[in-house]
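*Asks:* Please find upload.pdb (PDB, C-alpha atoms) on the next line:
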ATOM      1  CA  MET A   2     -25.051  -7.261  10.430
ATOM      2  CA  ASN A   3     -23.873  -7.303  14.036
ATOM      3  CA  LEU A   4     -20.316  -8.559  14.370
ATOM      4  CA  THR A   5     -18.898  -8.596  17.870
ATOM      5  CA  THR A   6     -15.328  -8.090  18.993
ATOM      6  CA  SER A   7     -15.377 -11.497  20.651
ATOM      7  CA  GLU A   8     -16.169 -13.137  17.301
ATOM      8  CA  ILE A   9     -13.146 -11.509  15.664
ATOM      9  CA  PHE A  10     -10.649 -12.411  18.376
ATOM     10  CA  SER A  11     -11.892 -15.942  18.991
ATOM     11  CA  VAL A  12     -11.294 -17.277  15.457
ATOM     12  CA  LYS A  13      -9.871 -20.804  15.737
ATOM     13  CA  ASP A  14     -10.212 -22.314  12.260
ATOM     14  CA  SER A  15     -10.175 -21.347   8.594
ATOM     15  CA  ASN A  16     -13.908 -21.873   8.057
ATOM     16  CA  THR A  17     -14.788 -19.409  10.808
ATOM     17  CA  PHE A  18     -12.170 -16.956   9.506
ATOM     18  CA  ASN A  19     -13.482 -17.176   5.939
ATOM     19  CA  THR A  20     -17.094 -16.657   7.018
ATOM     20  CA  LEU A  21     -16.185 -13.607   9.108
ATOM     21  CA  ALA A  22     -13.987 -12.195   6.345
ATOM     22  CA  LEU A  23     -16.798 -12.459   3.777
ATOM     23  CA  ASN A  24     -19.279 -10.854   6.188
ATOM     24  CA  ILE A  25     -16.876  -7.993   6.907
ATOM     25  CA  PHE A  26     -16.189  -7.589   3.187
ATOM     26  CA  LYS A  27     -19.887  -7.124   2.448
ATOM     27  CA  LEU A  28     -20.154  -4.685   5.351
ATOM     28  CA  GLN A  29     -17.198  -2.606   4.163
ATOM     29  CA  ALA A  30     -18.169  -2.780   0.491
ATOM     30  CA  GLN A  31     -21.338  -1.006   1.552
ATOM     31  CA  ASN A  32     -20.102   1.369   4.273
ATOM     32  CA  CYS A  33     -16.536   2.367   3.318
ATOM     33  CA  ASN A  34     -16.925   5.052   0.660
ATOM     34  CA  ILE A  35     -13.505   4.756  -0.987
ATOM     35  CA  TYR A  36     -13.567   0.937  -0.899
ATOM     36  CA  ARG A  37     -17.079   0.885  -2.402
ATOM     37  CA  GLU A  38     -15.940   3.231  -5.177
ATOM     38  CA  TYR A  39     -12.813   1.156  -5.816
ATOM     39  CA  ILE A  40     -14.858  -2.050  -6.110
ATOM     40  CA  PHE A  41     -17.313  -0.321  -8.444
ATOM     41  CA  HIS A  42     -14.522   0.811 -10.799
ATOM     42  CA  LEU A  43     -13.179  -2.747 -10.875
ATOM     43  CA  GLY A  44     -16.573  -3.913 -12.089
ATOM     44  CA  ILE A  45     -16.962  -6.277  -9.137
ATOM     45  CA  HIS A  46     -20.342  -6.903  -7.507
ATOM     46  CA  ALA A  47     -19.923  -7.498  -3.784
ATOM     47  CA  ASP A  48     -22.896  -9.908  -3.625
ATOM     48  CA  GLU A  49     -21.175 -12.204  -6.112
ATOM     49  CA  VAL A  50     -17.996 -12.585  -4.012
ATOM     50  CA  THR A  51     -18.398 -15.920  -2.217
ATOM     51  CA  GLU A  52     -14.800 -16.862  -1.340
ATOM     52  CA  ILE A  53     -12.009 -14.839   0.243
ATOM     53  CA  GLU A  54      -9.709 -15.397  -2.733
ATOM     54  CA  LYS A  55     -12.102 -13.280  -4.828
ATOM     55  CA  ILE A  56     -12.182 -10.323  -2.431
ATOM     56  CA  PRO A  57     -10.541  -7.220  -3.964
ATOM     57  CA  PHE A  58      -7.735  -5.761  -1.843
ATOM     58  CA  LEU A  59      -7.504  -1.997  -1.460
ATOM     59  CA  PRO A  60      -4.050  -0.631  -2.432
ATOM     60  CA  ILE A  61      -2.411   0.664   0.721
ATOM     61  CA  SER A  62      -1.659   3.995  -0.982
ATOM     62  CA  PHE A  63      -5.316   4.992  -0.513
ATOM     63  CA  PHE A  64      -4.536   5.620   3.164
ATOM     64  CA  LYS A  65      -2.401   8.542   1.954
ATOM     65  CA  SER A  66      -5.116  10.182  -0.098
ATOM     66  CA  HIS A  67      -8.469   9.253   1.476
ATOM     67  CA  ALA A  68     -10.119   8.666   4.832
ATOM     68  CA  VAL A  69     -10.625   4.894   4.866
ATOM     69  CA  ILE A  70     -13.496   4.503   7.338
ATOM     70  CA  SER A  71     -16.372   1.998   7.502
ATOM     71  CA  SER A  72     -17.937   3.241  10.719
ATOM     72  CA  ASN A  73     -20.194   6.202  11.440
ATOM     73  CA  GLN A  74     -18.716   6.537  14.932
ATOM     74  CA  PRO A  75     -16.381   9.486  15.691
ATOM     75  CA  VAL A  76     -12.649   8.957  15.194
ATOM     76  CA  GLU A  77     -10.923   8.310  18.539
ATOM     77  CA  ILE A  78      -7.324   8.421  17.312
ATOM     78  CA  THR A  79      -5.499   8.841  13.995
ATOM     79  CA  PHE A  80      -2.313   6.877  13.491
ATOM     80  CA  SER A  81       0.161   8.259  10.951
ATOM     81  CA  SER A  82       3.153   6.741   9.221
ATOM     82  CA  SER A  83       6.624   8.135   9.669
ATOM     83  CA  GLY A  84       8.171   9.821   6.657
ATOM     84  CA  THR A  85      10.850  12.204   5.580
ATOM     85  CA  THR A  86      10.057  15.853   4.955
ATOM     86  CA  GLY A  87       7.849  16.309   1.912
ATOM     87  CA  MET A  88       6.540  12.741   1.895
ATOM     88  CA  ILE A  89       2.804  12.175   2.089
ATOM     89  CA  GLN A  90       2.011  10.206   5.235
ATOM     90  CA  SER A  91      -0.546   7.452   5.573
ATOM     91  CA  SER A  92      -3.336   8.101   8.058
ATOM     92  CA  HIS A  93      -5.411   5.405   9.727
ATOM     93  CA  HIS A  94      -8.508   6.871  11.362
ATOM     94  CA  VAL A  95      -9.469   4.548  14.216
ATOM     95  CA  THR A  96     -13.003   4.812  15.604
ATOM     96  CA  ASP A  97     -12.482   2.218  18.342
ATOM     97  CA  VAL A  98      -8.936   2.122  19.723
ATOM     98  CA  LYS A  99      -9.902  -0.730  22.062
ATOM     99  CA  LEU A 100      -9.939  -2.993  18.987
ATOM    100  CA  TYR A 101      -6.260  -2.186  18.483
ATOM    101  CA  GLU A 102      -5.456  -2.714  22.143
ATOM    102  CA  GLN A 103      -7.192  -6.085  22.245
ATOM    103  CA  SER A 104      -5.493  -7.108  19.004
ATOM    104  CA  TYR A 105      -1.905  -6.461  20.123
ATOM    105  CA  LEU A 106      -2.429  -7.711  23.693
ATOM    106  CA  GLN A 107      -4.032 -10.955  22.560
ATOM    107  CA  ALA A 108      -1.444 -11.473  19.805
ATOM    108  CA  PHE A 109       1.424 -10.922  22.247
ATOM    109  CA  ALA A 110      -0.182 -13.404  24.640
ATOM    110  CA  GLN A 111      -0.543 -15.932  21.802
ATOM    111  CA  PHE A 112       3.134 -15.803  20.835
ATOM    112  CA  TYR A 113       4.887 -14.876  24.093
ATOM    113  CA  GLY A 114       2.580 -15.224  27.085
ATOM    114  CA  ASP A 115       1.365 -12.788  29.732
ATOM    115  CA  VAL A 116       2.563  -9.180  29.325
ATOM    116  CA  SER A 117       2.910  -8.846  33.109
ATOM    117  CA  GLU A 118       5.699 -11.448  33.146
ATOM    118  CA  TYR A 119       8.005  -9.258  31.036
ATOM    119  CA  CYS A 120      10.152  -6.179  31.289
ATOM    120  CA  PHE A 121       9.947  -4.111  28.075
ATOM    121  CA  LEU A 122      12.916  -2.032  26.952
ATOM    122  CA  ALA A 123      12.449   0.191  23.893
ATOM    123  CA  LEU A 124      15.071   1.552  21.523
ATOM    124  CA  LEU A 125      12.376   3.751  20.028
ATOM    125  CA  PRO A 126      11.269   7.377  20.301
ATOM    126  CA  SER A 127       9.009   7.867  23.328
ATOM    127  CA  TYR A 128       5.260   8.373  22.934
ATOM    128  CA  GLN A 129       5.723  12.098  23.563
ATOM    129  CA  GLN A 130       8.222  12.305  20.687
ATOM    130  CA  ARG A 131       6.160  10.277  18.198
ATOM    131  CA  SER A 132       2.535  10.400  19.328
ATOM    132  CA  GLY A 133       1.044   9.444  15.947
ATOM    133  CA  SER A 134       2.818   6.084  15.703
ATOM    134  CA  SER A 135       0.724   2.947  16.201
ATOM    135  CA  LEU A 136       3.910   1.058  17.113
ATOM    136  CA  ILE A 137       4.795   3.555  19.847
ATOM    137  CA  TYR A 138       1.195   3.479  21.106
ATOM    138  CA  MET A 139       1.467  -0.309  21.448
ATOM    139  CA  VAL A 140       4.907  -0.281  23.090
ATOM    140  CA  ASN A 141       3.851   2.482  25.469
ATOM    141  CA  ASP A 142       0.899   0.377  26.579
ATOM    142  CA  LEU A 143       3.019  -2.787  26.910
ATOM    143  CA  ILE A 144       5.482  -0.867  29.103
ATOM    144  CA  GLU A 145       2.638   0.355  31.316
ATOM    145  CA  LYS A 146       0.839  -2.985  31.499
ATOM    146  CA  SER A 147       4.044  -4.869  32.302
ATOM    147  CA  GLY A 148       4.149  -2.998  35.600
ATOM    148  CA  HIS A 149       7.900  -3.586  35.744
ATOM    149  CA  PRO A 150       9.847  -0.698  37.299
ATOM    150  CA  GLN A 151      12.710  -1.043  34.792
ATOM    151  CA  SER A 152      10.519  -1.004  31.659
ATOM    152  CA  GLY A 153      11.050   2.125  29.572
ATOM    153  CA  TYR A 154      12.642   3.960  26.635
ATOM    154  CA  PHE A 155      16.414   4.045  26.055
ATOM    155  CA  LEU A 156      16.867   5.417  22.525
ATOM    156  CA  TYR A 157      19.342   8.124  23.576
ATOM    157  CA  ASN A 158      20.766   6.463  26.678
ATOM    158  CA  HIS A 159      22.786   3.385  25.775
ATOM    159  CA  GLU A 160      24.806   3.341  28.995
ATOM    160  CA  ASP A 161      21.627   3.041  31.080
ATOM    161  CA  LEU A 162      20.315   0.367  28.718
ATOM    162  CA  LEU A 163      23.495  -1.682  29.162
ATOM    163  CA  GLN A 164      23.305  -1.513  32.948
ATOM    164  CA  THR A 165      19.588  -2.357  32.873
ATOM    165  CA  LEU A 166      20.181  -5.383  30.627
ATOM    166  CA  LEU A 167      22.986  -6.656  32.875
ATOM    167  CA  ASP A 168      20.783  -6.253  35.948
ATOM    168  CA  LEU A 169      17.817  -8.023  34.336
ATOM    169  CA  LYS A 170      20.096 -10.851  33.190
ATOM    170  CA  THR A 171      21.331 -11.332  36.766
ATOM    171  CA  LYS A 172      17.733 -11.382  38.029
ATOM    172  CA  LYS A 173      16.733 -13.880  35.284
ATOM    173  CA  GLN A 174      13.890 -11.516  34.375
ATOM    174  CA  ARG A 175      12.034 -12.268  31.126
ATOM    175  CA  THR A 176      12.865  -9.269  28.937
ATOM    176  CA  VAL A 177      11.905  -7.929  25.514
ATOM    177  CA  LEU A 178      14.162  -5.367  23.831
ATOM    178  CA  ILE A 179      12.217  -3.868  20.943
ATOM    179  CA  GLY A 180      13.797  -1.357  18.628
ATOM    180  CA  VAL A 181      14.245   0.117  15.193
ATOM    181  CA  THR A 182      17.020  -1.606  13.303
ATOM    182  CA  TYR A 183      19.518   1.249  13.188
ATOM    183  CA  ALA A 184      19.220   1.815  16.952
ATOM    184  CA  LEU A 185      19.885  -1.856  17.733
ATOM    185  CA  LEU A 186      22.977  -1.741  15.499
ATOM    186  CA  ASP A 187      24.149   1.497  17.128
ATOM    187  CA  PHE A 188      23.940  -0.154  20.539
ATOM    188  CA  ILE A 189      25.942  -3.283  19.701
ATOM    189  CA  GLU A 190      28.634  -1.165  18.036
ATOM    190  CA  GLN A 191      29.246   0.349  21.476
ATOM    191  CA  TYR A 192      28.614  -2.669  23.694
ATOM    192  CA  ASP A 193      28.743  -6.458  23.620
ATOM    193  CA  ILE A 194      26.341  -8.295  25.881
ATOM    194  CA  ASN A 195      25.804 -12.014  26.275
ATOM    195  CA  PHE A 196      22.141 -12.360  27.314
ATOM    196  CA  PRO A 197      20.887 -15.625  25.706
ATOM    197  CA  GLU A 198      17.395 -15.388  27.260
ATOM    198  CA  LEU A 199      16.797 -11.860  25.934
ATOM    199  CA  ILE A 200      14.121 -11.440  23.244
ATOM    200  CA  VAL A 201      15.505  -8.947  20.731
ATOM    201  CA  MET A 202      12.685  -7.749  18.470
ATOM    202  CA  GLU A 203      13.550  -5.564  15.495
ATOM    203  CA  THR A 204      10.816  -3.540  13.870
ATOM    204  CA  GLY A 205      12.747  -2.578  10.729
ATOM    205  CA  GLY A 206      13.813   0.862   9.678
ATOM    206  CA  MET A 207      17.161   2.394   8.807
ATOM    207  CA  LYS A 208      15.522   5.812   8.239
ATOM    208  CA  GLY A 209      18.421   6.767   5.982
ATOM    209  CA  LYS A 210      20.837   6.505   8.889
ATOM    210  CA  ARG A 211      22.551   3.339   7.595
ATOM    211  CA  LYS A 212      22.777   1.343   4.406
ATOM    212  CA  GLU A 213      20.066  -1.254   3.976
ATOM    213  CA  MET A 214      21.119  -4.806   4.823
ATOM    214  CA  VAL A 215      19.758  -8.209   3.857
ATOM    215  CA  ARG A 216      18.049  -9.962   6.740
ATOM    216  CA  GLU A 217      20.662 -12.708   7.104
ATOM    217  CA  GLU A 218      23.521 -10.212   7.480
ATOM    218  CA  LEU A 219      21.541  -8.001   9.859
ATOM    219  CA  HIS A 220      20.435 -10.857  12.102
ATOM    220  CA  GLU A 221      23.932 -12.340  12.157
ATOM    221  CA  GLN A 222      25.298  -9.058  13.514
ATOM    222  CA  LEU A 223      22.490  -8.693  16.053
ATOM    223  CA  THR A 224      22.678 -12.272  17.358
ATOM    224  CA  LYS A 225      26.426 -11.914  17.856
ATOM    225  CA  GLY A 226      26.135  -8.482  19.500
ATOM    226  CA  PHE A 227      23.406  -9.478  21.977
ATOM    227  CA  GLY A 228      24.527 -13.068  22.507
ATOM    228  CA  VAL A 229      21.166 -14.537  21.472
ATOM    229  CA  LYS A 230      20.300 -17.466  19.196
ATOM    230  CA  THR A 231      17.679 -15.728  17.060
ATOM    231  CA  ILE A 232      16.281 -12.278  16.340
ATOM    232  CA  HIS A 233      12.538 -11.787  16.603
ATOM    233  CA  SER A 234      10.608  -9.423  14.334
ATOM    234  CA  GLU A 235       7.229  -7.729  14.268
ATOM    235  CA  TYR A 236       5.341  -7.249  10.988
ATOM    236  CA  GLY A 237       2.856  -4.440  11.344
ATOM    237  CA  MET A 238       2.052  -1.091   9.790
ATOM    238  CA  THR A 239       0.059   2.077  10.314
ATOM    239  CA  GLU A 240      -2.790   0.797   8.157
ATOM    240  CA  LEU A 241      -3.312  -2.422  10.172
ATOM    241  CA  LEU A 242      -4.525  -3.014  13.711
ATOM    242  CA  SER A 243      -2.844  -6.432  13.921
ATOM    243  CA  GLN A 244       0.731  -7.683  13.806
ATOM    244  CA  ALA A 245       2.400 -10.910  12.751
ATOM    245  CA  TYR A 246       5.458 -12.098  14.653
ATOM    246  CA  SER A 247       8.656 -13.899  13.741
ATOM    247  CA  LEU A 248      10.393 -15.845  16.500
ATOM    248  CA  GLY A 249      13.448 -16.201  14.292
ATOM    249  CA  GLU A 250      14.800 -16.783  10.767
ATOM    250  CA  GLY A 251      12.430 -14.172   9.301
ATOM    251  CA  ILE A 252       9.494 -16.620   9.360
ATOM    252  CA  PHE A 253       6.290 -14.816  10.370
ATOM    253  CA  ASN A 254       3.038 -16.221  11.739
ATOM    254  CA  CYS A 255      -0.279 -14.412  12.030
ATOM    255  CA  PRO A 256      -2.686 -14.391  14.958
ATOM    256  CA  GLY A 257      -5.975 -16.166  14.252
ATOM    257  CA  TRP A 258      -7.805 -13.062  12.985
ATOM    258  CA  MET A 259      -5.134 -12.104  10.424
ATOM    259  CA  LYS A 260      -4.163 -13.819   7.171
ATOM    260  CA  VAL A 261      -1.612 -13.169   4.429
ATOM    261  CA  LEU A 262      -2.190 -13.965   0.755
ATOM    262  CA  ILE A 263       0.225 -13.398  -2.143
ATOM    263  CA  ARG A 264      -0.816 -11.608  -5.328
ATOM    264  CA  ASP A 265       0.705 -11.781  -8.788
ATOM    265  CA  THR A 266       2.961  -8.757  -9.363
ATOM    266  CA  ASN A 267       1.837  -8.548 -12.994
ATOM    267  CA  ASP A 268      -1.860  -9.092 -12.324
ATOM    268  CA  PRO A 269      -2.741  -7.569  -8.930
ATOM    269  CA  LEU A 270      -6.249  -9.058  -8.895
ATOM    270  CA  SER A 271      -4.882 -12.613  -9.095
ATOM    271  CA  LEU A 272      -3.396 -14.639  -6.255
ATOM    272  CA  ILE A 273      -0.469 -17.011  -6.684
ATOM    273  CA  LYS A 274       0.407 -20.334  -5.134
ATOM    274  CA  THR A 275       2.393 -21.196  -2.050
ATOM    275  CA  GLY A 276       6.145 -20.842  -2.430
ATOM    276  CA  ARG A 277       6.129 -18.202  -5.174
ATOM    277  CA  THR A 278       7.129 -14.579  -4.641
ATOM    278  CA  GLY A 279       4.579 -11.809  -5.077
ATOM    279  CA  GLY A 280       2.912  -8.859  -3.407
ATOM    280  CA  ILE A 281       1.689  -9.302   0.161
ATOM    281  CA  ASN A 282      -2.065  -8.933   0.670
ATOM    282  CA  VAL A 283      -3.295  -8.828   4.267
ATOM    283  CA  ILE A 284      -6.702  -9.657   5.693
ATOM    284  CA  ASP A 285      -6.949  -8.049   9.127
ATOM    285  CA  LEU A 286     -10.340  -8.663  10.713
ATOM    286  CA  ALA A 287      -9.492  -6.169  13.474
ATOM    287  CA  ASN A 288      -9.723  -3.450  10.781
ATOM    288  CA  ILE A 289     -13.487  -3.846  10.845
ATOM    289  CA  ASN A 290     -14.036  -0.058  11.117
ATOM    290  CA  SER A 291     -11.684   0.873   8.247
ATOM    291  CA  CYS A 292     -10.770  -1.733   5.594
ATOM    292  CA  SER A 293      -9.768  -5.308   6.385
ATOM    293  CA  PHE A 294      -8.378  -6.102   2.919
ATOM    294  CA  ILE A 295      -5.096  -4.346   2.185
ATOM    295  CA  ALA A 296      -2.702  -4.784  -0.754
ATOM    296  CA  THR A 297       0.655  -3.775   0.739
ATOM    297  CA  GLN A 298       3.786  -2.687  -1.105
ATOM    298  CA  ASP A 299       5.793  -5.534   0.403
ATOM    299  CA  LEU A 300       7.058  -8.562  -1.495
ATOM    300  CA  GLY A 301       6.866 -11.968   0.118
ATOM    301  CA  ARG A 302       5.954 -15.613  -0.122
ATOM    302  CA  ILE A 303       3.827 -18.062   1.846
ATOM    303  CA  ASN A 304       5.208 -21.374   3.096
ATOM    304  CA  PRO A 305       3.237 -24.648   3.075
ATOM    305  CA  ASP A 306       2.435 -24.257   6.807
ATOM    306  CA  GLN A 307       0.915 -20.798   6.103
ATOM    307  CA  SER A 308       3.813 -18.943   7.697
ATOM    308  CA  PHE A 309       5.235 -16.215   5.458
ATOM    309  CA  GLU A 310       8.431 -14.340   4.675
ATOM    310  CA  VAL A 311       8.930 -10.694   3.758
ATOM    311  CA  LEU A 312      11.449 -10.390   0.930
ATOM    312  CA  GLY A 313      11.511  -6.668   0.181
ATOM    313  CA  ARG A 314       9.398  -3.890  -1.236
ATOM    314  CA  PHE A 315       8.120  -2.930  -4.665
ATOM    315  CA  ASP A 316       9.950  -0.170  -6.439
ATOM    316  CA  HIS A 317       7.806   2.373  -8.276
ATOM    317  CA  ALA A 318       8.071   0.502 -11.575
ATOM    318  CA  ASP A 319       6.835  -2.736 -10.021
ATOM    319  CA  ILE A 320       3.579  -1.297  -8.698
ATOM    320  CA  ARG A 321       2.370  -0.033 -12.062
ATOM    321  CA  GLY A 322      -0.400  -2.656 -12.041
ATOM    322  CA  CYS A 323      -1.864  -1.219  -8.863
ATOM    323  CA  ASN A 324      -1.414   2.321 -10.165
ATOM    324  CA  LEU A 325      -3.429   1.473 -13.238
ATOM    325  CA  LEU A 326      -6.234   0.190 -11.056
ATOM    326  CA  VAL A 327      -6.121   3.292  -8.882
ATOM    327  CA  GLN A 328      -6.365   5.515 -11.940
TER     328      GLN A 328
END
Write out the structure in this file as C-alpha cells.
*Replies:*
Amino acid sequence: MNLTTSEIFSVKDSNTFNTLALNIFKLQAQNCNIYREYIFHLGIHADEVTEIEKIPFLPISFFKSHAVISSNQPVEITFSSSGTTGMIQSSHHVTDVKLYEQSYLQAFAQFYGDVSEYCFLALLPSYQQRSGSSLIYMVNDLIEKSGHPQSGYFLYNHEDLLQTLLDLKTKKQRTVLIGVTYALLDFIEQYDINFPELIVMETGGMKGKRKEMVREELHEQLTKGFGVKTIHSEYGMTELLSQAYSLGEGIFNCPGWMKVLIRDTNDPLSLIKTGRTGGINVIDLANINSCSFIATQDLGRINPDQSFEVLGRFDHADIRGCNLLVQ
C-alpha cells in the first residue's frame, strides 16, 4: 500500500479522509508491533473494520512504555514530553521529520496565512534549552522561516519583549506571540500593552509555577493585559505530528488531515454523540509512521460544526477503563 505525503495533506472532504484513515489503519495494524498486539488483545480483526468509528484508538500512555513505530526506516528524531523529575516521559520516534514540518507549516498557512508575513516572538525555552520538544522544534522553524530580524525567544527578557512589541505595533507588523501560560501571565503582571492586532497564542502549561485557572478567567486576564479581543490556542502534543488551532473562545478546528472524536468515559471503545463530554480521541493522518489513532487523556466535546473544546484532563480514577484494556 503506497500512500503519498501529498495524499495526506490534500484531504478536502470526509470521504477522502475516511478512506485514507482506513487504509492507514490497516497498514499500522500490520506494521506497528504494539498497536497490532493491542488490537489482538481486544479481539478485533483489522480486516473487519470498515468505518473509522470502529477503529480502536491506542491509549496515549503506550508512548511512555513502548516504541510506537510503523515504519522500518531509521528514526530521524525523537520528541519527548516535558515532565517533572521522576515522571516517565512520552517518546515519539519520528522516522520522517519532513512529515511534521509539512504538517505544521500547512496548518499554519490554513489558519493564519504565509509564515513569511509574520514576526514570531516566543515566551518559551529556546531550542538549545529544550531540544526534545516538538513544540520548540516547530517554533524554532517558524522563527527561521519568517525571516524577520526581530523574531526570537524572550522567556527571560521581558523588557526586550516589551520594546519589541511596541516597535512592531508602530510598524503595523503582523506578529504572533506564542508562549506557555505562566510566562504570558508573568509578562502582563509586569507590563500592560495595548496591541489589538497582536496574535497571542497560549500553549497551556503552568508547570507548577501557578495555580491552574479555568479558561475563561485565564483568557480574560490575557486579553486585558495585551489589549487584544481574543486569545488564540494551539492543541498539540508530543505524540501527534499535527495541531488544531483556536482563534478564540477555546473553540478548536483541525486541519483537513486531522479529526477529533469523543469516546465514552465509561466504555472507552464506544464513541458518543456531538455535544456530550467524553475523552478526546484523535486521528492524525500525519502520524503515518507511528500510530494515527490516539486516545488522549483530555476531556472534551465536539460541536455540531465539528469544532471541539478541551474541558480538562482525566484524573487517575477516570482512566480506569483504559487501564483495564492496557492490562
*Asks:* Within 12 Å of Ser147 in chain A, counting only C-alpha atoms, which residues qualify if same-chain residues fewer than 2 places away don't, as a list in words?
*Replies:* Leu106, Gly114, Asp115, Val116, Ser117, Glu118, Tyr119, Cys120, Phe121, Leu122, Val140, Asn141, Asp142, Leu143, Ile144, Glu145, His149, Pro150, Gln151, Ser152, Gly153, Arg175, Thr176 and Val177 of chain A
*Asks:* Please, what is the axis-aligned box for every listed atom of range 232-237 of chain A with 8 Å on each side, as centre and edge lengths in Å to one decimal, as lines of an AutoDock Vina configuration file?
*Replies:*
center_x = 9.6
center_y = -8.4
center_z = 13.8
size_x = 29.4
size_y = 23.8
size_z = 21.6
*Asks:* To test your reading of the syntax: which residues would the PyMOL selection byres ((chain A and resi 28) around 12) return for the file shown? Reply as a ChimeraX atom specification.
*Replies:* /A:2-4,21-27,29-34,36-37,47-48,70-72,286,288-293
*Asks:* Go through the shown structure with the PyMOL selection byres ((chain A and resi 228) around 10) and write out the matching residues as number ranges by chain.
*Replies:* A: 193-199, 222-227, 229-231
*Asks:* Go through A:Ala123, A:Leu100, A:Asp187, A:Ser271 one by one, measure the shortest atom-to-atom distance of each to Ile200 in chain A using all atoms listed in the file, and give the residue with the smallest value.
*Replies:* A:Ala123
*Asks:* Can you spell out as an mmCIF file with C-alpha atoms, keeping the file's coordinate frame the set of residues that the PyMOL selection byres ((chain A and resi 162) around 10) selects in the structure I just provided?
*Replies:*
data_model
loop_
_atom_site.group_PDB
_atom_site.id
_atom_site.type_symbol
_atom_site.label_atom_id
_atom_site.label_comp_id
_atom_site.auth_asym_id
_atom_site.auth_seq_id
_atom_site.Cartn_x
_atom_site.Cartn_y
_atom_site.Cartn_z
ATOM 1 C CA LEU A 122 12.916 -2.032 26.952
ATOM 2 C CA ALA A 123 12.449 0.191 23.893
ATOM 3 C CA LEU A 124 15.071 1.552 21.523
ATOM 4 C CA GLN A 151 12.710 -1.043 34.792
ATOM 5 C CA GLY A 153 11.050 2.125 29.572
ATOM 6 C CA TYR A 154 12.642 3.960 26.635
ATOM 7 C CA PHE A 155 16.414 4.045 26.055
ATOM 8 C CA LEU A 156 16.867 5.417 22.525
ATOM 9 C CA TYR A 157 19.342 8.124 23.576
ATOM 10 C CA ASN A 158 20.766 6.463 26.678
ATOM 11 C CA HIS A 159 22.786 3.385 25.775
ATOM 12 C CA GLU A 160 24.806 3.341 28.995
ATOM 13 C CA ASP A 161 21.627 3.041 31.080
ATOM 14 C CA LEU A 163 23.495 -1.682 29.162
ATOM 15 C CA GLN A 164 23.305 -1.513 32.948
ATOM 16 C CA THR A 165 19.588 -2.357 32.873
ATOM 17 C CA LEU A 166 20.181 -5.383 30.627
ATOM 18 C CA LEU A 167 22.986 -6.656 32.875
ATOM 19 C CA ASP A 168 20.783 -6.253 35.948
ATOM 20 C CA LEU A 178 14.162 -5.367 23.831
ATOM 21 C CA PHE A 188 23.940 -0.154 20.539
#
*Asks:* Between A:Val95, A:Ile137, A:Val50, A:Leu272, which one has atoms that come closest to Leu125 in chain A, using all atoms listed in the file?
*Replies:*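 Residue with the minimum atom-to-atom distance to Leu125 in chain A: A:Ile137.
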*Asks:* If you count all atoms listed in the file, which residues fall within 12 Å of Thr17 in chain A, apart from same-chain ones fewer than 6 positions away, as a VMD selection string?
*Replies:* chain A and resid 8 to 11 23 to 24 53 257 to 258 286
*Asks:* Go through A:His94, A:Ala287, A:Gly276, A:Met139 one by one, measure the shortest atom-to-atom distance of each to Gly301 in chain A using all atoms listed in the file, and give the residue with the smallest value.
*Replies:* A:Gly276
*Asks:* Which value, in Å to one decimal, gives the distance between CA of Ser134 in chain A and CA of Pro75 in chain A?
*Replies:*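 Separating CA of Ser134 in chain A from CA of Pro75 in chain A is a distance of 19.5 Å.
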*Asks:* Which residue is closest to Met202 in chain A? Choose from A:Ser247, A:Asn304, A:Gln174, A:Ser82 and count only C-alpha atoms.
*Replies:*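 Ranking A:Ser247, A:Asn304, A:Gln174, A:Ser82 by distance to Met202 in chain A, first place goes to A:Ser247.
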*Asks:* How many Å lie between CA of Ala184 in chain A and CA of Gly251 in chain A, rounded to one decimal?
*Replies:* 19.0 Å
*Asks:* Point out the residue among A:Thr278, A:Gly205, A:Glu310, A:Asp14 with the least atom-to-atom distance to Leu186 in chain A, counting all atoms listed in the file.
*Replies:*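 Using all atoms listed in the file, Leu186 in chain A sits closest to A:Gly205.
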*Asks:* Separation of CA of Gln130 in chain A and CA of His67 in chain A, in Å?
*Replies:* 25.6 Å
*Asks:* Write out, as a tab-separated table, each residue of range 86-122 of chain A that has an atom at most 10 Å from range 233-239 of chain A, together with the closest pair of atoms and their distance in Å to one decimal, counting only C-alpha atoms, rows going by chain and rising number.
*Replies:*
residue	atom	partner	partner_atom	distance
A:Gln90	CA	A:Thr239	CA	9.8
A:Ser91	CA	A:Thr239	CA	7.2
A:Ser92	CA	A:Thr239	CA	7.3
A:His93	CA	A:Thr239	CA	6.4
A:His94	CA	A:Thr239	CA	9.9
*Asks:* Which is closest to Val181 in chain A among A:Leu169, A:Leu136, A:Asp285, A:Glu218, if we use all atoms listed in the file?
*Replies:*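 Distance minimum relative to Val181 in chain A lands on A:Leu136.
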